[in-house]
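> Supplied structure: model-v9.cif, mmCIF, N, CA and C atoms; chains and numbers go by the auth columns.
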data_input
#
loop_
_atom_site.group_PDB
_atom_site.id
_atom_site.type_symbol
_atom_site.label_atom_id
_atom_site.label_comp_id
_atom_site.label_asym_id
_atom_site.label_seq_id
_atom_site.Cartn_x
_atom_site.Cartn_y
_atom_site.Cartn_z
_atom_site.B_iso_or_equiv
_atom_site.auth_seq_id
_atom_site.auth_asym_id
ATOM 1 N N MET A 1 -139.841 293.051 3.345 0.00 577 A
ATOM 2 C CA MET A 1 -138.451 292.841 3.717 0.00 577 A
ATOM 3 C C MET A 1 -138.266 291.406 4.183 0.00 577 A
ATOM 4 N N SER A 2 -137.128 290.839 3.922 0.00 578 A
ATOM 5 C CA SER A 2 -136.855 289.443 4.233 0.00 578 A
ATOM 6 C C SER A 2 -136.392 289.201 5.666 0.00 578 A
ATOM 7 N N ILE A 3 -135.968 290.252 6.359 0.00 579 A
ATOM 8 C CA ILE A 3 -135.499 290.096 7.736 0.00 579 A
ATOM 9 C C ILE A 3 -136.617 290.511 8.680 0.00 579 A
ATOM 10 N N ILE A 4 -136.963 289.623 9.595 0.00 580 A
ATOM 11 C CA ILE A 4 -138.019 289.879 10.571 0.00 580 A
ATOM 12 C C ILE A 4 -137.375 290.006 11.945 0.00 580 A
ATOM 13 N N LEU A 5 -137.759 291.043 12.673 0.00 581 A
ATOM 14 C CA LEU A 5 -137.242 291.252 14.019 0.00 581 A
ATOM 15 C C LEU A 5 -138.154 290.564 15.033 0.00 581 A
ATOM 16 N N ARG A 6 -137.580 289.761 15.886 0.00 582 A
ATOM 17 C CA ARG A 6 -138.321 289.012 16.901 0.00 582 A
ATOM 18 C C ARG A 6 -137.980 289.486 18.315 0.00 582 A
ATOM 19 N N LEU A 7 -137.564 290.736 18.425 0.00 583 A
ATOM 20 C CA LEU A 7 -137.164 291.276 19.724 0.00 583 A
ATOM 21 C C LEU A 7 -138.303 291.213 20.725 0.00 583 A
ATOM 22 N N ASP A 8 -139.525 291.483 20.286 0.00 584 A
ATOM 23 C CA ASP A 8 -140.662 291.458 21.196 0.00 584 A
ATOM 24 C C ASP A 8 -140.855 290.087 21.829 0.00 584 A
ATOM 25 N N ARG A 9 -140.636 289.039 21.051 0.00 585 A
ATOM 26 C CA ARG A 9 -140.778 287.671 21.566 0.00 585 A
ATOM 27 C C ARG A 9 -139.709 287.358 22.616 0.00 585 A
ATOM 28 N N VAL A 10 -138.473 287.754 22.324 0.00 586 A
ATOM 29 C CA VAL A 10 -137.380 287.498 23.267 0.00 586 A
ATOM 30 C C VAL A 10 -137.589 288.300 24.549 0.00 586 A
ATOM 31 N N MET A 11 -138.037 289.547 24.404 0.00 587 A
ATOM 32 C CA MET A 11 -138.314 290.366 25.590 0.00 587 A
ATOM 33 C C MET A 11 -139.414 289.743 26.437 0.00 587 A
ATOM 34 N N ALA A 12 -140.458 289.237 25.814 0.00 588 A
ATOM 35 C CA ALA A 12 -141.547 288.601 26.553 0.00 588 A
ATOM 36 C C ALA A 12 -141.056 287.351 27.274 0.00 588 A
ATOM 37 N N ASP A 13 -140.219 286.566 26.595 0.00 589 A
ATOM 38 C CA ASP A 13 -139.659 285.359 27.219 0.00 589 A
ATOM 39 C C ASP A 13 -138.824 285.698 28.445 0.00 589 A
ATOM 40 N N ARG A 14 -138.103 286.825 28.375 0.00 590 A
ATOM 41 C CA ARG A 14 -137.224 287.235 29.480 0.00 590 A
ATOM 42 C C ARG A 14 -137.950 288.113 30.508 0.00 590 A
ATOM 43 N N LYS A 15 -139.222 288.438 30.208 0.00 591 A
ATOM 44 C CA LYS A 15 -140.035 289.282 31.091 0.00 591 A
ATOM 45 C C LYS A 15 -139.339 290.612 31.410 0.00 591 A
ATOM 46 N N ILE A 16 -138.902 291.284 30.350 0.00 592 A
ATOM 47 C CA ILE A 16 -138.232 292.567 30.496 0.00 592 A
ATOM 48 C C ILE A 16 -139.022 293.621 29.717 0.00 592 A
ATOM 49 N N SER A 17 -139.184 294.778 30.313 0.00 593 A
ATOM 50 C CA SER A 17 -139.953 295.845 29.678 0.00 593 A
ATOM 51 C C SER A 17 -139.088 296.629 28.694 0.00 593 A
ATOM 52 N N LEU A 18 -139.760 297.357 27.839 0.00 594 A
ATOM 53 C CA LEU A 18 -139.086 298.213 26.874 0.00 594 A
ATOM 54 C C LEU A 18 -138.225 299.240 27.593 0.00 594 A
ATOM 55 N N ASN A 19 -138.779 299.877 28.607 0.00 595 A
ATOM 56 C CA ASN A 19 -138.042 300.903 29.355 0.00 595 A
ATOM 57 C C ASN A 19 -136.807 300.325 30.035 0.00 595 A
ATOM 58 N N GLU A 20 -136.954 299.161 30.640 0.00 596 A
ATOM 59 C CA GLU A 20 -135.828 298.532 31.337 0.00 596 A
ATOM 60 C C GLU A 20 -134.729 298.138 30.352 0.00 596 A
ATOM 61 N N LEU A 21 -135.119 297.537 29.228 0.00 597 A
ATOM 62 C CA LEU A 21 -134.118 297.128 28.242 0.00 597 A
ATOM 63 C C LEU A 21 -133.421 298.337 27.640 0.00 597 A
ATOM 64 N N ALA A 22 -134.171 299.382 27.331 0.00 598 A
ATOM 65 C CA ALA A 22 -133.579 300.595 26.759 0.00 598 A
ATOM 66 C C ALA A 22 -132.534 301.171 27.698 0.00 598 A
ATOM 67 N N GLU A 23 -132.849 301.196 28.985 0.00 599 A
ATOM 68 C CA GLU A 23 -131.899 301.733 29.967 0.00 599 A
ATOM 69 C C GLU A 23 -130.646 300.867 30.052 0.00 599 A
ATOM 70 N N LEU A 24 -130.827 299.547 30.093 0.00 600 A
ATOM 71 C CA LEU A 24 -129.682 298.642 30.209 0.00 600 A
ATOM 72 C C LEU A 24 -128.814 298.636 28.952 0.00 600 A
ATOM 73 N N VAL A 25 -129.438 298.815 27.795 0.00 601 A
ATOM 74 C CA VAL A 25 -128.700 298.812 26.527 0.00 601 A
ATOM 75 C C VAL A 25 -128.059 300.172 26.263 0.00 601 A
ATOM 76 N N GLY A 26 -128.702 301.232 26.761 0.00 602 A
ATOM 77 C CA GLY A 26 -128.156 302.567 26.559 0.00 602 A
ATOM 78 C C GLY A 26 -128.658 303.247 25.299 0.00 602 A
ATOM 79 N N ILE A 27 -129.893 302.934 24.889 0.00 603 A
ATOM 80 C CA ILE A 27 -130.503 303.619 23.763 0.00 603 A
ATOM 81 C C ILE A 27 -131.850 304.177 24.208 0.00 603 A
ATOM 82 N N SER A 28 -132.394 305.075 23.413 0.00 604 A
ATOM 83 C CA SER A 28 -133.661 305.705 23.790 0.00 604 A
ATOM 84 C C SER A 28 -134.825 304.722 23.648 0.00 604 A
ATOM 85 N N ASN A 29 -135.885 304.993 24.406 0.00 605 A
ATOM 86 C CA ASN A 29 -137.093 304.175 24.314 0.00 605 A
ATOM 87 C C ASN A 29 -137.658 304.201 22.895 0.00 605 A
ATOM 88 N N VAL A 30 -137.599 305.368 22.253 0.00 606 A
ATOM 89 C CA VAL A 30 -138.131 305.507 20.895 0.00 606 A
ATOM 90 C C VAL A 30 -137.351 304.627 19.922 0.00 606 A
ATOM 91 N N ASN A 31 -136.031 304.669 19.995 0.00 607 A
ATOM 92 C CA ASN A 31 -135.215 303.841 19.087 0.00 607 A
ATOM 93 C C ASN A 31 -135.438 302.356 19.340 0.00 607 A
ATOM 94 N N LEU A 32 -135.535 301.971 20.601 0.00 608 A
ATOM 95 C CA LEU A 32 -135.770 300.562 20.910 0.00 608 A
ATOM 96 C C LEU A 32 -137.167 300.147 20.453 0.00 608 A
ATOM 97 N N SER A 33 -138.141 301.011 20.630 0.00 609 A
ATOM 98 C CA SER A 33 -139.497 300.718 20.182 0.00 609 A
ATOM 99 C C SER A 33 -139.531 300.538 18.663 0.00 609 A
ATOM 100 N N ASN A 34 -138.838 301.403 17.934 0.00 610 A
ATOM 101 C CA ASN A 34 -138.759 301.261 16.475 0.00 610 A
ATOM 102 C C ASN A 34 -138.105 299.948 16.083 0.00 610 A
ATOM 103 N N LEU A 35 -137.082 299.558 16.805 0.00 611 A
ATOM 104 C CA LEU A 35 -136.411 298.288 16.549 0.00 611 A
ATOM 105 C C LEU A 35 -137.358 297.121 16.838 0.00 611 A
ATOM 106 N N LYS A 36 -138.047 297.204 17.950 0.00 612 A
ATOM 107 C CA LYS A 36 -138.965 296.144 18.370 0.00 612 A
ATOM 108 C C LYS A 36 -140.098 295.941 17.373 0.00 612 A
ATOM 109 N N THR A 37 -140.587 297.029 16.787 0.00 613 A
ATOM 110 C CA THR A 37 -141.709 296.936 15.857 0.00 613 A
ATOM 111 C C THR A 37 -141.275 296.774 14.398 0.00 613 A
ATOM 112 N N GLY A 38 -139.975 296.731 14.169 0.00 614 A
ATOM 113 C CA GLY A 38 -139.476 296.502 12.819 0.00 614 A
ATOM 114 C C GLY A 38 -139.496 297.732 11.935 0.00 614 A
ATOM 115 N N LYS A 39 -139.545 298.902 12.516 0.00 615 A
ATOM 116 C CA LYS A 39 -139.592 300.147 11.746 0.00 615 A
ATOM 117 C C LYS A 39 -138.197 300.714 11.473 0.00 615 A
ATOM 118 N N VAL A 40 -137.211 299.856 11.390 0.00 616 A
ATOM 119 C CA VAL A 40 -135.841 300.294 11.134 0.00 616 A
ATOM 120 C C VAL A 40 -135.323 299.623 9.868 0.00 616 A
ATOM 121 N N LYS A 41 -134.343 300.256 9.259 0.00 617 A
ATOM 122 C CA LYS A 41 -133.714 299.702 8.055 0.00 617 A
ATOM 123 C C LYS A 41 -132.349 299.095 8.363 0.00 617 A
ATOM 124 N N ALA A 42 -131.800 299.428 9.543 0.00 618 A
ATOM 125 C CA ALA A 42 -130.473 298.938 9.907 0.00 618 A
ATOM 126 C C ALA A 42 -130.358 298.868 11.429 0.00 618 A
ATOM 127 N N VAL A 43 -129.429 298.033 11.874 0.00 619 A
ATOM 128 C CA VAL A 43 -129.133 297.899 13.300 0.00 619 A
ATOM 129 C C VAL A 43 -127.623 297.925 13.451 0.00 619 A
ATOM 130 N N ARG A 44 -127.133 298.768 14.333 0.00 620 A
ATOM 131 C CA ARG A 44 -125.688 298.792 14.589 0.00 620 A
ATOM 132 C C ARG A 44 -125.292 297.517 15.320 0.00 620 A
ATOM 133 N N PHE A 45 -124.131 297.003 14.958 0.00 621 A
ATOM 134 C CA PHE A 45 -123.632 295.809 15.634 0.00 621 A
ATOM 135 C C PHE A 45 -123.435 296.065 17.122 0.00 621 A
ATOM 136 N N SER A 46 -123.036 297.266 17.487 0.00 622 A
ATOM 137 C CA SER A 46 -122.838 297.570 18.910 0.00 622 A
ATOM 138 C C SER A 46 -124.165 297.513 19.662 0.00 622 A
ATOM 139 N N THR A 47 -125.242 297.954 19.022 0.00 623 A
ATOM 140 C CA THR A 47 -126.571 297.870 19.643 0.00 623 A
ATOM 141 C C THR A 47 -127.020 296.425 19.747 0.00 623 A
ATOM 142 N N LEU A 48 -126.838 295.671 18.676 0.00 624 A
ATOM 143 C CA LEU A 48 -127.194 294.255 18.687 0.00 624 A
ATOM 144 C C LEU A 48 -126.389 293.504 19.739 0.00 624 A
ATOM 145 N N ASP A 49 -125.115 293.829 19.858 0.00 625 A
ATOM 146 C CA ASP A 49 -124.251 293.213 20.865 0.00 625 A
ATOM 147 C C ASP A 49 -124.783 293.492 22.271 0.00 625 A
ATOM 148 N N SER A 50 -125.149 294.729 22.535 0.00 626 A
ATOM 149 C CA SER A 50 -125.654 295.102 23.863 0.00 626 A
ATOM 150 C C SER A 50 -126.980 294.413 24.167 0.00 626 A
ATOM 151 N N ILE A 51 -127.862 294.359 23.181 0.00 627 A
ATOM 152 C CA ILE A 51 -129.153 293.698 23.385 0.00 627 A
ATOM 153 C C ILE A 51 -128.949 292.219 23.695 0.00 627 A
ATOM 154 N N CYS A 52 -128.084 291.565 22.932 0.00 628 A
ATOM 155 C CA CYS A 52 -127.814 290.139 23.157 0.00 628 A
ATOM 156 C C CYS A 52 -127.162 289.900 24.518 0.00 628 A
ATOM 157 N N ARG A 53 -126.282 290.807 24.914 0.00 629 A
ATOM 158 C CA ARG A 53 -125.627 290.674 26.231 0.00 629 A
ATOM 159 C C ARG A 53 -126.659 290.778 27.342 0.00 629 A
ATOM 160 N N VAL A 54 -127.523 291.784 27.267 0.00 630 A
ATOM 161 C CA VAL A 54 -128.525 292.001 28.317 0.00 630 A
ATOM 162 C C VAL A 54 -129.552 290.874 28.344 0.00 630 A
ATOM 163 N N LEU A 55 -130.013 290.442 27.170 0.00 631 A
ATOM 164 C CA LEU A 55 -131.048 289.408 27.107 0.00 631 A
ATOM 165 C C LEU A 55 -130.480 287.989 27.160 0.00 631 A
ATOM 166 N N LYS A 56 -129.140 287.879 27.152 0.00 632 A
ATOM 167 C CA LYS A 56 -128.466 286.573 27.164 0.00 632 A
ATOM 168 C C LYS A 56 -129.019 285.683 26.036 0.00 632 A
ATOM 169 N N CYS A 57 -128.906 286.218 24.809 0.00 633 A
ATOM 170 C CA CYS A 57 -129.397 285.493 23.647 0.00 633 A
ATOM 171 C C CYS A 57 -128.408 285.644 22.491 0.00 633 A
ATOM 172 N N GLN A 58 -128.713 284.998 21.404 0.00 634 A
ATOM 173 C CA GLN A 58 -127.915 285.070 20.191 0.00 634 A
ATOM 174 C C GLN A 58 -128.619 285.994 19.189 0.00 634 A
ATOM 175 N N PRO A 59 -127.865 286.607 18.264 0.00 635 A
ATOM 176 C CA PRO A 59 -128.500 287.447 17.248 0.00 635 A
ATOM 177 C C PRO A 59 -129.603 286.712 16.479 0.00 635 A
ATOM 178 N N GLY A 60 -129.426 285.426 16.267 0.00 636 A
ATOM 179 C CA GLY A 60 -130.431 284.627 15.563 0.00 636 A
ATOM 180 C C GLY A 60 -131.734 284.480 16.329 0.00 636 A
ATOM 181 N N ASP A 61 -131.704 284.746 17.636 0.00 637 A
ATOM 182 C CA ASP A 61 -132.931 284.719 18.423 0.00 637 A
ATOM 183 C C ASP A 61 -133.778 285.968 18.145 0.00 637 A
ATOM 184 N N ILE A 62 -133.120 287.033 17.701 0.00 638 A
ATOM 185 C CA ILE A 62 -133.779 288.319 17.469 0.00 638 A
ATOM 186 C C ILE A 62 -134.081 288.541 15.995 0.00 638 A
ATOM 187 N N LEU A 63 -133.190 288.075 15.127 0.00 639 A
ATOM 188 C CA LEU A 63 -133.325 288.279 13.684 0.00 639 A
ATOM 189 C C LEU A 63 -133.697 286.972 12.998 0.00 639 A
ATOM 190 N N GLU A 64 -134.657 287.056 12.101 0.00 640 A
ATOM 191 C CA GLU A 64 -135.084 285.857 11.362 0.00 640 A
ATOM 192 C C GLU A 64 -135.177 286.207 9.880 0.00 640 A
ATOM 193 N N TYR A 65 -134.685 285.315 9.045 0.00 641 A
ATOM 194 C CA TYR A 65 -134.769 285.505 7.595 0.00 641 A
ATOM 195 C C TYR A 65 -135.976 284.736 7.073 0.00 641 A
ATOM 196 N N LYS A 66 -136.783 285.418 6.262 0.00 642 A
ATOM 197 C CA LYS A 66 -137.910 284.757 5.607 0.00 642 A
ATOM 198 C C LYS A 66 -137.851 285.096 4.132 0.00 642 A
ATOM 199 N N ASP A 67 -137.868 284.073 3.303 0.00 643 A
ATOM 200 C CA ASP A 67 -137.827 284.260 1.856 0.00 643 A
ATOM 201 C C ASP A 67 -139.114 284.949 1.405 0.00 643 A
ATOM 202 N N ASP A 68 -139.000 286.044 0.675 0.00 644 A
ATOM 203 C CA ASP A 68 -140.165 286.776 0.200 0.00 644 A
ATOM 204 C C ASP A 68 -141.045 285.958 -0.737 0.00 644 A
ATOM 205 N N GLU A 69 -140.475 284.945 -1.347 0.00 645 A
ATOM 206 C CA GLU A 69 -141.215 284.146 -2.308 0.00 645 A
ATOM 207 C C GLU A 69 -142.079 283.081 -1.656 0.00 645 A
ATOM 208 N N GLU A 70 -141.935 282.880 -0.366 0.00 646 A
ATOM 209 C CA GLU A 70 -142.730 281.842 0.319 0.00 646 A
ATOM 210 C C GLU A 70 -144.121 282.306 0.579 0.00 646 A
#
Here is the file; what I need is its structure written in the form of structure tokens.


Amino acid sequence: MSIILRLDRVMADRKISLNELAELVGISNVNLSNLKTGKVKAVRFSTLDSICRVLKCQPGDILEYKDDEE
């Protein structure tokens, strides 16, 4: 897949745990863990909005595009 999730890096930079972020965002630990490890095919904009609000970051800090041909 060409989109890489960098949520783990942003969480580490902000020193926030999975459990704490899940609670603040309002999603389950399992769903957030799947998002963090890239085991998802889609992300709701409302979830992305909440994550960015809590982590005080931009969507581009979490999502990265990589050309498959590189």

> Neighbours of Asn605 of chain A within 6.5 Å (only N, CA and C atoms; same-chain residues fewer than 5 positions away dropped), as a list in words?

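Close residues of Asn605 of chain A: Leu594, Asn595, Ala598 and Asn610 of chain A.
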
> With the PyMOL selection byres ((chain A and resi 627-642) around 6.5) as the selection, what would be picked from this file? Answer as a ChimeraX atom specification, please.

/A:577-583,586,601,622-626,643-646

> Can you check which residues of chain A DSSP gives as strand (DSSP E or B) on the backbone and send them as a list in words?

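These are the residues in question: Ile579, Ile580, Leu581, Leu639, Glu640 and Tyr641 of chain A.
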
> For the residues selected in the previous step, produce a file with N, CA and C atoms as a JSON list (two decimals), in the frame of the given file.


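What follows is the written file result19.json:
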[["chain", "number", "residue", "atom", "x", "y", "z"],
["A", 579, "ILE", "N", -135.97, 290.25, 6.36],
["A", 579, "ILE", "CA", -135.50, 290.10, 7.74],
["A", 579, "ILE", "C", -136.62, 290.51, 8.68],
["A", 580, "ILE", "N", -136.96, 289.62, 9.60],
["A", 580, "ILE", "CA", -138.02, 289.88, 10.57],
["A", 580, "ILE", "C", -137.38, 290.01, 11.94],
["A", 581, "LEU", "N", -137.76, 291.04, 12.67],
["A", 581, "LEU", "CA", -137.24, 291.25, 14.02],
["A", 581, "LEU", "C", -138.15, 290.56, 15.03],
["A", 639, "LEU", "N", -133.19, 288.08, 15.13],
["A", 639, "LEU", "CA", -133.32, 288.28, 13.68],
["A", 639, "LEU", "C", -133.70, 286.97, 13.00],
["A", 640, "GLU", "N", -134.66, 287.06, 12.10],
["A", 640, "GLU", "CA", -135.08, 285.86, 11.36],
["A", 640, "GLU", "C", -135.18, 286.21, 9.88],
["A", 641, "TYR", "N", -134.68, 285.32, 9.04],
["A", 641, "TYR", "CA", -134.77, 285.50, 7.60],
["A", 641, "TYR", "C", -135.98, 284.74, 7.07]]

> Report, in Å with one decimal, the straight-line distance from atom C of Val616 of chain A to atom CA of Leu597 of chain A.

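Atom-to-atom, atom C of Val616 of chain A to atom CA of Leu597 of chain A, that is 18.6 Å.
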
> Can you pull out every residue from chain A that DSSP, working from the backbone, puts in helix (DSSP H, G or I), and format the result as a PyMOL selection string?

chain A and resi 583-590+594-601+605-612+621-631+635-638

> Quick check, in Å to one decimal: how far apart do atom N of Val606 of chain A and atom C of Asp589 of chain A lie?

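Answer for the atom N of Val606 of chain A to atom C of Asp589 of chain A separation: 20.7 Å.
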
> Just how far from atom C of Ser593 of chain A is atom CA of Ser609 of chain A, in Å to one decimal?

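These two atoms are separated by 9.5 Å.
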
> Can you pull out every residue within 8 Å of Asp584 of chain A, counting all atoms listed in the file, but drop anything in the same chain fewer than 4 positions away, and send it as a PyMOL selection string?

chain A and resi 588-590+611-613+638
